[in-house]
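K.L.:
Okay, so here is protein_5.csv, and as you'll see once you scroll down, it has CSV, C-alpha atoms.
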chain,number,residue,atom,x,y,z
A,1,MET,CA,117.1,114.8,67.1
A,2,THR,CA,117.9,114.6,70.8
A,3,ILE,CA,117.0,111.2,72.4
A,4,ILE,CA,115.3,111.1,75.7
A,5,ASN,CA,115.2,107.7,77.6
A,6,ILE,CA,112.0,107.2,79.4
A,7,GLY,CA,111.4,104.4,81.9
A,8,LEU,CA,107.8,103.3,82.4
A,9,PRO,CA,107.5,101.3,85.6
A,10,TRP,CA,104.3,99.3,86.1
A,11,HIS,CA,103.1,99.7,82.5
A,12,SER,CA,102.4,96.7,80.3
A,13,GLU,CA,103.1,95.6,76.7
A,14,ALA,CA,100.7,92.5,76.8
A,15,ALA,CA,98.5,92.6,79.8
A,16,GLY,CA,95.4,90.4,79.7
A,17,ASN,CA,93.8,93.2,81.8
A,18,LEU,CA,93.1,95.6,78.9
A,19,GLY,CA,92.6,98.4,81.5
A,20,VAL,CA,96.3,98.2,82.4
A,21,GLY,CA,97.1,98.1,78.7
A,22,ALA,CA,94.9,101.1,78.0
A,23,LEU,CA,97.0,103.1,80.6
A,24,THR,CA,100.2,102.1,78.8
A,25,VAL,CA,99.0,103.0,75.3
A,26,GLY,CA,97.3,106.2,76.5
A,27,ASN,CA,100.4,107.3,78.4
A,28,ILE,CA,102.7,106.7,75.5
A,29,VAL,CA,100.3,108.7,73.2
A,30,LEU,CA,100.5,111.6,75.6
A,31,ILE,CA,104.3,111.3,76.1
A,32,ARG,CA,104.7,111.4,72.3
A,33,ARG,CA,102.7,114.6,72.2
A,34,ALA,CA,105.2,116.2,74.6
A,35,THR,CA,108.3,114.9,72.9
A,36,ASP,CA,106.9,115.9,69.4
A,37,ARG,CA,106.4,119.4,70.7
A,38,MET,CA,110.0,119.5,72.0
A,39,GLY,CA,111.5,117.9,68.9
A,40,LEU,CA,112.8,114.9,71.0
A,41,THR,CA,113.1,111.2,70.0
A,42,PRO,CA,111.8,109.1,72.9
A,43,ARG,CA,113.1,105.7,73.8
A,44,PHE,CA,110.8,103.7,76.1
A,45,THR,CA,111.7,101.0,78.6
A,46,ILE,CA,108.5,99.3,79.9
A,47,LEU,CA,109.1,97.7,83.3
A,48,GLY,CA,106.4,95.4,84.6
A,49,PRO,CA,105.4,91.9,85.7
A,50,ARG,CA,105.9,88.8,83.6
A,51,GLU,CA,103.4,88.6,80.7
A,52,THR,CA,102.6,85.6,78.5
A,53,GLY,CA,100.3,87.2,76.0
A,54,THR,CA,101.0,88.5,72.5
A,55,PRO,CA,102.5,92.1,72.9
A,56,TYR,CA,100.3,94.9,71.6
A,57,VAL,CA,102.6,97.7,72.7
A,58,THR,CA,105.5,97.4,70.4
A,59,GLY,CA,107.8,99.4,68.2
A,60,PRO,CA,111.5,99.9,67.5
A,61,ASP,CA,111.7,102.5,70.3
A,62,ILE,CA,110.1,100.2,73.0
A,63,VAL,CA,111.8,97.5,75.1
A,64,HIS,CA,110.4,95.5,78.0
A,65,ARG,CA,111.9,94.4,81.2
A,66,THR,CA,110.3,91.9,83.6
A,67,ILE,CA,110.2,92.9,87.3
A,68,ASN,CA,110.9,90.1,89.6
A,69,GLY,CA,113.0,89.5,92.7
A,70,ARG,CA,116.2,88.6,90.8
A,71,TYR,CA,115.9,91.6,88.5
A,72,MET,CA,115.3,94.0,91.4
A,73,ALA,CA,118.3,92.6,93.4
A,74,SER,CA,120.8,92.5,90.6
A,75,PRO,CA,123.1,95.5,90.1
A,76,ARG,CA,122.8,94.8,86.4
A,77,GLY,CA,119.0,94.6,86.6
A,78,TYR,CA,116.6,97.3,87.7
A,79,LEU,CA,119.2,99.7,89.0
A,80,ALA,CA,121.2,99.6,85.8
A,81,ASP,CA,118.1,100.2,83.7
A,82,VAL,CA,117.0,103.1,85.9
A,83,ARG,CA,120.4,104.7,85.6
A,84,ALA,CA,120.1,104.5,81.8
A,85,GLN,CA,117.0,106.7,81.9
A,86,HIS,CA,116.6,110.4,81.8
A,87,ILE,CA,113.3,110.2,83.7
A,88,MET,CA,111.0,107.6,85.2
A,89,LEU,CA,107.2,107.8,84.7
A,90,ASP,CA,105.6,105.3,87.1
A,91,ILE,CA,101.9,104.6,86.7
A,92,GLY,CA,101.6,102.0,89.4
A,93,GLY,CA,99.4,99.7,87.4
A,94,GLY,CA,96.7,102.4,87.7
A,95,ASP,CA,95.7,101.6,91.3
A,96,SER,CA,98.4,99.6,93.0
A,97,PHE,CA,100.1,102.4,95.0
A,98,THR,CA,98.2,101.5,98.1
A,99,ASP,CA,98.6,99.3,101.2
A,100,ILE,CA,95.4,97.3,100.7
A,101,TYR,CA,97.3,94.5,99.0
A,102,PRO,CA,99.8,92.0,100.5
A,103,ASP,CA,103.0,93.4,101.8
A,104,LYS,CA,105.1,91.7,99.1
A,105,ARG,CA,103.2,93.6,96.4
A,106,PHE,CA,103.6,96.8,98.3
A,107,ALA,CA,107.4,96.2,98.6
A,108,TYR,CA,107.7,95.8,94.8
A,109,ILE,CA,105.6,98.9,94.2
A,110,VAL,CA,107.5,101.0,96.7
A,111,GLY,CA,110.9,99.6,95.8
A,112,SER,CA,110.5,100.5,92.2
A,113,LYS,CA,110.1,104.1,93.3
A,114,LEU,CA,112.8,104.2,95.9
A,115,VAL,CA,115.5,103.1,93.4
A,116,PRO,CA,115.3,106.1,91.1
A,117,LEU,CA,114.9,108.5,94.0
A,118,ILE,CA,118.1,107.1,95.6
A,119,ALA,CA,119.9,107.0,92.2
A,120,GLY,CA,119.0,110.6,91.4
A,121,VAL,CA,116.8,109.9,88.4
A,122,PRO,CA,113.7,112.1,88.3
A,123,LEU,CA,110.6,110.2,89.3
A,124,VAL,CA,107.1,111.3,88.1
A,125,LEU,CA,104.0,109.4,89.3
A,126,SER,CA,101.9,109.4,86.1
A,127,PRO,CA,98.1,109.8,86.6
A,128,GLN,CA,96.8,107.1,88.9
A,129,THR,CA,94.8,106.3,92.0
A,130,ILE,CA,96.8,107.2,95.1
A,131,GLY,CA,95.9,105.1,98.2
A,132,PRO,CA,94.1,104.3,100.2
A,133,PHE,CA,96.7,104.0,103.0
A,134,SER,CA,95.7,102.8,106.5
A,135,ARG,CA,98.9,101.3,108.0
A,136,GLN,CA,102.3,102.2,109.2
A,137,PRO,CA,105.0,102.4,108.0
A,138,HIS,CA,103.2,102.1,104.7
A,139,THR,CA,101.6,105.5,104.9
A,140,ARG,CA,104.8,107.3,106.0
A,141,VAL,CA,106.9,105.7,103.3
A,142,SER,CA,104.3,106.5,100.6
A,143,GLY,CA,104.2,110.1,101.8
A,144,TRP,CA,108.0,110.3,101.7
A,145,ILE,CA,108.0,109.0,98.1
A,146,CYS,CA,105.3,111.5,97.0
A,147,THR,CA,107.2,114.4,98.6
A,148,ARG,CA,110.4,113.6,96.8
A,149,ALA,CA,108.9,112.8,93.4
A,150,ALA,CA,109.4,115.4,90.8
A,151,HIS,CA,105.6,115.5,90.3
A,152,VAL,CA,102.6,113.4,91.4
A,153,PHE,CA,99.6,113.2,89.1
A,154,ALA,CA,96.3,112.2,90.8
A,155,ARG,CA,93.6,111.0,88.4
A,156,ASP,CA,90.7,111.9,90.7
A,157,PRO,CA,89.9,114.4,93.5
A,158,ILE,CA,89.9,111.7,96.2
A,159,SER,CA,93.5,110.8,95.3
A,160,LEU,CA,94.5,114.4,95.2
A,161,ALA,CA,93.1,115.0,98.7
A,162,LEU,CA,94.8,111.9,100.1
A,163,THR,CA,98.2,112.9,98.6
A,164,ARG,CA,98.0,116.3,100.1
A,165,ARG,CA,97.2,114.7,103.5
A,166,ILE,CA,100.1,112.2,103.5
A,167,ALA,CA,102.6,114.5,101.7
A,168,PRO,CA,101.7,118.2,102.3
A,169,ARG,CA,104.8,119.4,100.5
A,170,ALA,CA,104.4,117.2,97.4
A,171,LYS,CA,104.2,118.8,94.0
A,172,VAL,CA,100.8,117.3,93.1
A,173,SER,CA,98.0,118.1,90.6
A,174,GLU,CA,94.8,116.5,89.5
A,175,VAL,CA,94.5,115.5,85.9
A,176,ILE,CA,92.6,112.6,84.4
A,177,ASP,CA,93.0,108.9,83.6
A,178,VAL,CA,95.4,108.6,80.6
A,179,ALA,CA,93.1,105.9,79.1
A,180,PHE,CA,90.9,108.8,77.9
A,181,ALA,CA,93.6,109.3,75.2
A,182,LEU,CA,93.4,105.7,74.0
A,183,PRO,CA,93.0,105.7,70.2
A,184,PHE,CA,90.0,103.9,68.6
A,185,THR,CA,88.2,103.5,65.3
A,186,ARG,CA,84.4,103.7,65.5
A,187,PRO,CA,82.7,101.0,63.4
A,188,THR,CA,80.2,101.9,60.7
A,189,ARG,CA,76.5,101.4,61.6
A,190,ALA,CA,73.8,100.2,59.2
A,191,PRO,CA,70.8,102.5,59.1
A,192,ASP,CA,68.5,99.7,60.3
A,193,ALA,CA,70.8,98.4,63.0
A,194,LYS,CA,69.3,97.3,66.3
A,195,ILE,CA,69.9,99.2,69.6
A,196,LYS,CA,73.2,97.7,70.9
A,197,VAL,CA,73.4,97.3,74.7
A,198,GLY,CA,76.7,96.2,76.1
A,199,PHE,CA,77.5,94.5,79.4
A,200,SER,CA,81.1,94.7,80.7
A,201,VAL,CA,80.9,91.5,82.7
A,202,SER,CA,83.5,91.5,85.4
A,203,GLY,CA,84.5,87.9,86.2
A,204,LEU,CA,85.8,89.1,89.5
A,205,MET,CA,82.4,90.6,90.5
A,206,LEU,CA,80.6,87.6,89.2
A,207,ALA,CA,82.8,85.3,91.3
A,208,GLY,CA,82.3,87.6,94.4
A,209,GLY,CA,86.0,88.5,94.6
A,210,HIS,CA,89.4,86.9,94.5
A,211,VAL,CA,88.7,84.6,97.5
A,212,THR,CA,85.4,85.0,99.2
A,213,ASP,CA,81.8,85.1,97.9
A,214,ASN,CA,81.3,88.8,98.7
A,215,GLU,CA,84.9,90.2,99.1
A,216,TYR,CA,83.9,93.7,98.2
A,217,GLY,CA,80.8,94.0,100.4
A,218,LEU,CA,78.4,94.5,97.6
A,219,GLY,CA,74.8,95.3,98.3
A,220,PHE,CA,73.5,92.9,95.7
A,221,ASP,CA,74.4,89.7,93.8
A,222,PHE,CA,76.2,91.0,90.7
A,223,GLY,CA,75.4,87.8,88.7
A,224,ALA,CA,71.7,87.9,89.6
A,225,LEU,CA,71.4,91.6,88.7
A,226,THR,CA,73.2,91.0,85.4
A,227,ARG,CA,71.0,88.1,84.4
A,228,ARG,CA,67.9,90.0,85.3
A,229,LEU,CA,69.0,93.0,83.3
A,230,VAL,CA,70.1,90.9,80.3
A,231,THR,CA,66.8,89.1,80.2
A,232,ASP,CA,64.8,92.3,80.4
A,233,PHE,CA,66.9,94.1,77.8
A,234,LEU,CA,66.4,91.2,75.4
A,235,ALA,CA,62.6,91.5,75.9
A,236,LEU,CA,62.7,95.1,74.7
A,237,PRO,CA,61.9,95.7,71.0
A,238,ASN,CA,64.8,96.1,68.6
A,239,VAL,CA,67.5,95.6,71.3
A,240,GLU,CA,70.5,93.2,71.2
A,241,VAL,CA,72.7,92.5,74.1
A,242,HIS,CA,76.5,92.2,73.8
A,243,LEU,CA,78.6,90.5,76.5
A,244,ILE,CA,82.0,92.1,76.7
A,245,ALA,CA,85.2,90.9,78.3
A,246,HIS,CA,87.9,93.4,79.3
A,247,VAL,CA,90.2,91.2,81.4
A,248,TYR,CA,91.5,87.9,80.1
A,249,ALA,CA,93.0,85.8,82.9
A,250,PRO,CA,92.7,82.1,82.2
A,251,HIS,CA,95.3,81.4,84.9
A,252,MET,CA,93.0,83.2,87.4
A,253,PRO,CA,89.5,81.8,86.7
A,254,ARG,CA,87.7,84.1,89.3
A,255,ASP,CA,89.1,87.2,87.5
A,256,ASP,CA,88.6,86.0,83.9
A,257,ASP,CA,85.9,88.0,82.1
A,258,ALA,CA,86.1,85.7,79.1
A,259,ARG,CA,85.1,82.7,81.2
A,260,ALA,CA,82.3,84.8,82.7
A,261,ILE,CA,80.8,85.8,79.4
A,262,ASP,CA,81.0,82.3,78.1
A,263,GLN,CA,79.0,81.1,81.1
A,264,LEU,CA,76.4,83.8,80.6
A,265,HIS,CA,76.2,83.3,76.9
A,266,ALA,CA,75.6,79.6,77.4
A,267,GLU,CA,72.8,80.4,79.9
A,268,ILE,CA,71.3,83.0,77.6
A,269,PRO,CA,72.1,82.2,74.0
A,270,ALA,CA,70.2,85.1,72.6
A,271,THR,CA,73.1,87.4,73.8
A,272,ILE,CA,76.0,88.3,71.5
A,273,ARG,CA,79.3,87.1,72.8
A,274,ALA,CA,81.8,89.8,71.8
A,275,PRO,CA,85.1,88.6,70.3
A,276,ASP,CA,88.2,88.3,72.3
A,277,PHE,CA,90.1,91.6,71.8
A,278,ALA,CA,93.8,91.6,70.8
A,279,SER,CA,94.4,95.1,72.3
A,280,PRO,CA,92.8,97.9,74.4
A,281,SER,CA,92.1,100.0,71.2
A,282,GLU,CA,90.3,97.0,69.6
A,283,ALA,CA,88.1,96.7,72.7
A,284,LYS,CA,87.4,100.5,72.7
A,285,SER,CA,86.6,100.5,69.0
A,286,TYR,CA,84.0,97.7,69.6
A,287,ILE,CA,82.5,99.6,72.6
A,288,SER,CA,82.3,102.8,70.6
A,289,GLY,CA,79.8,101.1,68.3
A,290,LEU,CA,77.3,100.5,71.1
A,291,ASP,CA,74.3,102.6,72.1
A,292,PHE,CA,74.6,102.0,75.8
A,293,LEU,CA,77.0,100.2,78.2
A,294,THR,CA,76.9,99.1,81.8
A,295,GLY,CA,79.2,97.0,83.9
A,296,GLY,CA,81.9,96.6,86.4
A,297,ARG,CA,85.3,97.1,84.6
A,298,MET,CA,86.3,100.7,85.1
A,299,HIS,CA,88.3,101.0,81.9
A,300,ALA,CA,85.6,99.4,79.8
A,301,THR,CA,83.3,102.2,81.1
A,302,ILE,CA,86.1,104.8,80.3
A,303,ALA,CA,86.2,103.4,76.8
A,304,ALA,CA,82.5,104.1,76.5
A,305,PHE,CA,82.6,107.5,78.1
A,306,SER,CA,85.6,108.7,76.1
A,307,SER,CA,83.9,107.6,72.8
A,308,GLY,CA,80.6,109.3,73.7
A,309,VAL,CA,78.6,106.1,74.5
A,310,PRO,CA,76.0,106.5,77.3
A,311,VAL,CA,77.3,104.4,80.3
A,312,VAL,CA,76.2,103.5,83.8
A,313,PRO,CA,79.3,102.2,85.6
A,314,ILE,CA,78.8,99.7,88.4
A,315,SER,CA,81.3,100.9,91.1
A,316,TYR,CA,82.8,98.7,93.7
A,317,SER,CA,85.6,100.9,94.8
A,318,ASN,CA,86.6,104.6,95.3
A,319,LYS,CA,88.5,104.6,92.0
A,320,PHE,CA,85.1,104.7,90.2
A,321,GLU,CA,83.6,107.2,92.6
A,322,GLY,CA,86.6,109.6,92.4
A,323,LEU,CA,87.0,109.4,88.7
A,324,TYR,CA,83.4,110.1,87.8
A,325,ALA,CA,83.0,112.7,90.6
A,326,GLY,CA,85.8,114.6,88.9
A,327,LEU,CA,83.8,114.5,85.7
A,328,ASN,CA,80.5,115.6,87.3
A,329,TYR,CA,78.9,112.4,86.1
A,330,PRO,CA,76.4,111.1,88.6
A,331,HIS,CA,75.1,108.1,86.7
A,332,LEU,CA,76.8,105.4,88.7
A,333,VAL,CA,75.6,102.4,90.5
A,334,ASN,CA,77.3,102.3,93.9
A,335,ALA,CA,77.5,98.5,94.4
A,336,LYS,CA,78.3,98.9,98.1
A,337,GLY,CA,75.5,101.4,98.8
A,338,MET,CA,72.6,100.2,96.6
A,339,GLY,CA,70.3,97.2,96.8
A,340,THR,CA,69.3,95.1,93.8
A,341,ASP,CA,66.1,97.0,92.9
A,342,GLU,CA,67.8,100.5,93.2
A,343,ALA,CA,70.7,99.3,91.0
A,344,TYR,CA,68.3,97.8,88.5
A,345,ALA,CA,66.3,101.0,88.3
A,346,ARG,CA,69.4,103.2,87.9
A,347,ILE,CA,70.7,101.1,85.0
A,348,MET,CA,67.3,100.8,83.2
A,349,GLY,CA,66.7,104.5,83.8
A,350,GLY,CA,70.1,105.3,82.3
A,351,PHE,CA,69.2,103.3,79.2
A,352,HIS,CA,65.9,104.9,78.7
A,353,ASN,CA,67.4,108.4,79.3
A,354,ARG,CA,70.6,107.8,77.3
A,355,ALA,CA,70.2,111.1,75.4
A,356,ASP,CA,70.6,112.9,78.8
A,357,LEU,CA,73.7,110.7,79.6
A,358,ALA,CA,75.2,111.5,76.3
A,359,ALA,CA,74.7,115.2,76.9
A,360,ASP,CA,76.5,115.0,80.2
A,361,ILE,CA,79.3,113.1,78.6
A,362,ALA,CA,79.6,115.8,75.9
A,363,ARG,CA,79.7,118.5,78.5
A,364,ALA,CA,82.7,116.8,80.2
A,365,GLY,CA,84.7,116.6,77.0
A,366,PRO,CA,86.4,120.0,77.1
A,367,GLY,CA,87.4,119.4,80.7
A,368,ILE,CA,88.9,116.1,79.8
A,369,GLU,CA,90.9,117.6,77.0
A,370,THR,CA,92.1,120.4,79.3
A,371,ALA,CA,93.3,117.9,81.9
A,372,LEU,CA,95.1,115.8,79.3
A,373,ASN,CA,96.8,119.0,77.9
A,374,ALA,CA,97.8,120.0,81.5
A,375,TYR,CA,99.5,116.6,81.9
A,376,VAL,CA,101.3,117.0,78.5
A,377,ASP,CA,102.4,120.6,79.5
A,378,GLU,CA,103.9,119.4,82.7
A,379,LEU,CA,105.6,116.5,80.9
A,380,VAL,CA,107.3,119.1,78.7
A,381,ARG,CA,108.6,120.9,81.8
A,382,GLN,CA,109.8,117.6,83.4
A,383,PHE,CA,111.6,116.5,80.2
A,384,GLU,CA,113.3,119.8,79.9
A,385,ALA,CA,114.5,119.6,83.5
A,386,ALA,CA,115.6,116.0,83.1
A,387,LEU,CA,117.7,116.7,80.0
A,388,LYS,CA,119.5,119.5,81.9
A,389,ARG,CA,120.7,117.2,84.7
Rewrite the structure from the file as structure tokens, please.
P.N.:
Amino acid sequence: MTIINIGLPWHSEAAGNLGVGALTVGNIVLIRRATDRMGLTPRFTILGPRETGTPYVTGPDIVHRTINGRYMASPRGYLADVRAQHIMLDIGGGDSFTDIYPDKRFAYIVGSKLVPLIAGVPLVLSPQTIGPFSRQPHTRVSGWICTRAAHVFARDPISLALTRRIAPRAKVSEVIDVAFALPFTRPTRAPDAKIKVGFSVSGLMLAGGHVTDNEYGLGFDFGALTRRLVTDFLALPNVEVHLIAHVYAPHMPRDDDARAIDQLHAEIPATIRAPDFASPSEAKSYISGLDFLTGGRMHATIAAFSSGVPVVPISYSNKFEGLYAGLNYPHLVNAKGMGTDEAYARIMGGFHNRADLAADIARAGPGIETALNAYVDELVRQFEAALKR
């Protein structure tokens, strides 16, 4: 079989942020669909930041390279690895192709895209949030990259519109977050099992942000709302509450969900502290066994949605709004636009009307599969073109 070498910038083999891991696993699943259809043998090179956890994206056809300054600057580093690929599928960590972060991070994100463009290796931006961009030359450079990419995949309508604005000649299409393709195994349920309510407790939202006490400008105290909801759910008959971590970051305590759920579980011992998950699929499998989920980690809510579990996401950024708008799913809490009482009512209402939420999720299913198939179809075209170079 013909081998195709595929570079995967800003993917991850062992990220403690299971959302980033879900993107990697989901994208590889979809890439394999395309290569299987073509009778190709893929060889993957994952290129991402340094990771210390146990890898959960492994295999004889997968290698990992750590992106740092020395690697990017060395002719035998990033440039050599790029030249060894037939094509580069850059996912930008899901939401890092933007200028809202420090310039050093932007330089890495942009530099990783400029090298293949200059080296003549086809660059595809796999499904991700594009933007926001609000500064120069950041916006101009980003538009130049999008224009010269072989294809740009936006994972939501907001990103699609922004890409068309900054790069009117770009080949861009809207698909869906590749985490919808993340495999999972639904646990068996006992006939007399209690109603399982899950909380995706974002350590970042509980801490108020990376630095300040309300970095994201929320309209309510996330911790106070969570404690109120947990207490009231536990007071309902036949309900148990599960506290779920989706980001493990012991080196960044404000971002560490495990630390946050330990704190809440100590305060409210009647809760069930979910186990630490070894992989994104393990987390999704656990979530698929719930009856309802709410919380602030987007990929935990995607795990619920894509396994048919009624969910009320707590949105603190456009990446939530764009994704769920594209799914015609209105059952969100806009944490920047709602006060405590309105958010509480929206979540409790979603729980009591979870059959309606489940029906809305089921209606979105065919559209999700169509979007994933459209991505695979375009990958086939891109792989055919790359092999002809």
K.L.:
So what do you get for atom CA of A:Lys196 versus atom CA of A:Phe292, distance-wise?
P.N.:
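Computed distance, atom CA of A:Lys196 to atom CA of A:Phe292, equals 6.7 Å.
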K.L.:
One decimal, Å: what's the distance from atom CA of A:Pro253 over to atom CA of A:Met205, could you say?
P.N.:
11.9 Å
K.L.:
With a distance cut-off of 7 Å and all atoms listed in the file, select the neighbouring residues of A:Tyr329, excluding the residue or stretch itself and same-chain residues fewer than 4 positions from it, and output the selection as a ChimeraX atom specification.
P.N.:
/A:324-325,360
K.L.:
Just how far from atom CA of A:Glu282 is atom CA of A:Ala179, in Å to one decimal?
P.N.:
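Between these atoms lies a distance of 13.3 Å.
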K.L.:
Quick one: residues within 9 Å of stretch 332-339 of chain A, all atoms listed in the file, excluding same-chain residues fewer than 2 positions away - as number ranges by chain?
P.N.:
A: 216-220, 222, 311-317, 320-321, 324, 329-330, 341-344, 346-347
K.L.:
Determine, counting all atoms listed in the file, every residue of protein, DNA or RNA that lies within 9 Å of (81.7, 87.5, 78.1) in the file coordinates, then give the result as a ChimeraX atom specification.
P.N.:
/A:199-203,242-246,257-265,272-276
K.L.:
Env of stretch 364-378 of chain A: 6 Å cut, atoms = all atoms listed in the file, seq-sep filter 2 positions within chain, self excluded. Answer as JSON, numbers by chain.
P.N.:
{"A": [34, 175, 176, 361, 362, 380, 381]}
K.L.:
Using all atoms listed in the file, can you tell me which of A:Gly53, A:Gly39, A:Gly7, A:Gly48 comes closest to A:Ile87?
P.N.:
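Checking each of A:Gly53, A:Gly39, A:Gly7, A:Gly48 against A:Ile87, counting all atoms listed in the file, the winner is A:Gly7.
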K.L.:
My list of candidates is A:Met252, A:Ser112, A:Met348, A:Ile100. Which is closest to A:Gln136 when distances are computed with all atoms listed in the file?
P.N.:
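Distance minimum relative to A:Gln136 lands on A:Ile100.
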K.L.:
Taking into account all atoms listed in the file, which residue in the set A:Glu174, A:Asp291, A:Glu13, A:Asp99 is nearest to A:Glu240?
P.N.:
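So, comparing all the options, the nearest one is A:Asp291.
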K.L.:
Just the residues within 12 Å of A:His138, please, counting only C-alpha atoms, with nothing from its chain fewer than 5 positions along; format it as JSON, numbers by chain.
P.N.:
{"A": [97, 98, 99, 100, 101, 102, 103, 104, 105, 106, 107, 109, 110, 131, 132, 133, 143, 144, 145, 166]}
K.L.:
I need the residue nearest A:Ile31 from this list: A:Pro269, A:Ala181, A:Met298, A:Arg76. Use only C-alpha atoms for the distance.
P.N.:
A:Ala181
K.L.:
Pick out the closest residue to A:Ser288 from this set: A:Arg169, A:Arg189, A:Arg254, A:Arg33. Count only C-alpha atoms.
P.N.:
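Checking each candidate against A:Ser288, we get A:Arg189 as the closest.
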K.L.:
Using all atoms listed in the file for the distances, tell me which of A:Arg165, A:Arg155, A:Arg50, A:Arg140 is nearest to A:Asn318.
P.N.:
A:Arg155
K.L.:
Would you mind completing stretch 174-189 of chain A so that it carries N, CA and C atoms, and writing it out as a PDB file, keeping the file's coordinate frame?
P.N.:
ATOM      1  N   GLU A 174      95.841 117.380  89.991  1.00  0.00           N
ATOM      2  CA  GLU A 174      94.800 116.500  89.500  1.00  0.00           C
ATOM      3  C   GLU A 174      94.672 116.614  88.001  1.00  0.00           C
ATOM      4  N   VAL A 175      94.718 115.499  87.294  1.00  0.00           N
ATOM      5  CA  VAL A 175      94.500 115.500  85.900  1.00  0.00           C
ATOM      6  C   VAL A 175      93.337 114.554  85.543  1.00  0.00           C
ATOM      7  N   ILE A 176      93.606 113.527  84.767  1.00  0.00           N
ATOM      8  CA  ILE A 176      92.600 112.600  84.400  1.00  0.00           C
ATOM      9  C   ILE A 176      93.240 111.267  84.006  1.00  0.00           C
ATOM     10  N   ASP A 177      92.507 110.197  83.981  1.00  0.00           N
ATOM     11  CA  ASP A 177      93.000 108.900  83.600  1.00  0.00           C
ATOM     12  C   ASP A 177      93.549 108.979  82.134  1.00  0.00           C
ATOM     13  N   VAL A 178      94.776 108.500  81.919  1.00  0.00           N
ATOM     14  CA  VAL A 178      95.400 108.600  80.600  1.00  0.00           C
ATOM     15  C   VAL A 178      94.669 107.718  79.561  1.00  0.00           C
ATOM     16  N   ALA A 179      93.830 106.773  80.017  1.00  0.00           N
ATOM     17  CA  ALA A 179      93.100 105.900  79.100  1.00  0.00           C
ATOM     18  C   ALA A 179      92.092 106.753  78.254  1.00  0.00           C
ATOM     19  N   PHE A 180      91.787 107.972  78.674  1.00  0.00           N
ATOM     20  CA  PHE A 180      90.900 108.800  77.900  1.00  0.00           C
ATOM     21  C   PHE A 180      91.611 109.198  76.543  1.00  0.00           C
ATOM     22  N   ALA A 181      92.923 109.014  76.469  1.00  0.00           N
ATOM     23  CA  ALA A 181      93.600 109.300  75.200  1.00  0.00           C
ATOM     24  C   ALA A 181      93.823 108.078  74.356  1.00  0.00           C
ATOM     25  N   LEU A 182      93.234 106.950  74.749  1.00  0.00           N
ATOM     26  CA  LEU A 182      93.400 105.700  74.000  1.00  0.00           C
ATOM     27  C   LEU A 182      92.775 105.855  72.595  1.00  0.00           C
ATOM     28  N   PRO A 183      93.535 105.607  71.524  1.00  0.00           N
ATOM     29  CA  PRO A 183      93.000 105.700  70.200  1.00  0.00           C
ATOM     30  C   PRO A 183      91.952 104.610  69.888  1.00  0.00           C
ATOM     31  N   PHE A 184      91.031 104.893  68.971  1.00  0.00           N
ATOM     32  CA  PHE A 184      90.000 103.900  68.600  1.00  0.00           C
ATOM     33  C   PHE A 184      89.499 104.244  67.205  1.00  0.00           C
ATOM     34  N   THR A 185      88.839 103.275  66.584  1.00  0.00           N
ATOM     35  CA  THR A 185      88.200 103.500  65.300  1.00  0.00           C
ATOM     36  C   THR A 185      86.704 103.078  65.467  1.00  0.00           C
ATOM     37  N   ARG A 186      85.807 104.020  65.285  1.00  0.00           N
ATOM     38  CA  ARG A 186      84.400 103.700  65.500  1.00  0.00           C
ATOM     39  C   ARG A 186      83.870 102.907  64.273  1.00  0.00           C
ATOM     40  N   PRO A 187      83.201 101.790  64.509  1.00  0.00           N
ATOM     41  CA  PRO A 187      82.700 101.000  63.400  1.00  0.00           C
ATOM     42  C   PRO A 187      81.516 101.694  62.713  1.00  0.00           C
ATOM     43  N   THR A 188      81.326 101.383  61.449  1.00  0.00           N
ATOM     44  CA  THR A 188      80.200 101.900  60.700  1.00  0.00           C
ATOM     45  C   THR A 188      78.905 101.230  61.174  1.00  0.00           C
ATOM     46  N   ARG A 189      77.795 101.961  61.129  1.00  0.00           N
ATOM     47  CA  ARG A 189      76.500 101.400  61.600  1.00  0.00           C
ATOM     48  C   ARG A 189      75.550 101.371  60.377  1.00  0.00           C
TER      49      ARG A 189
END
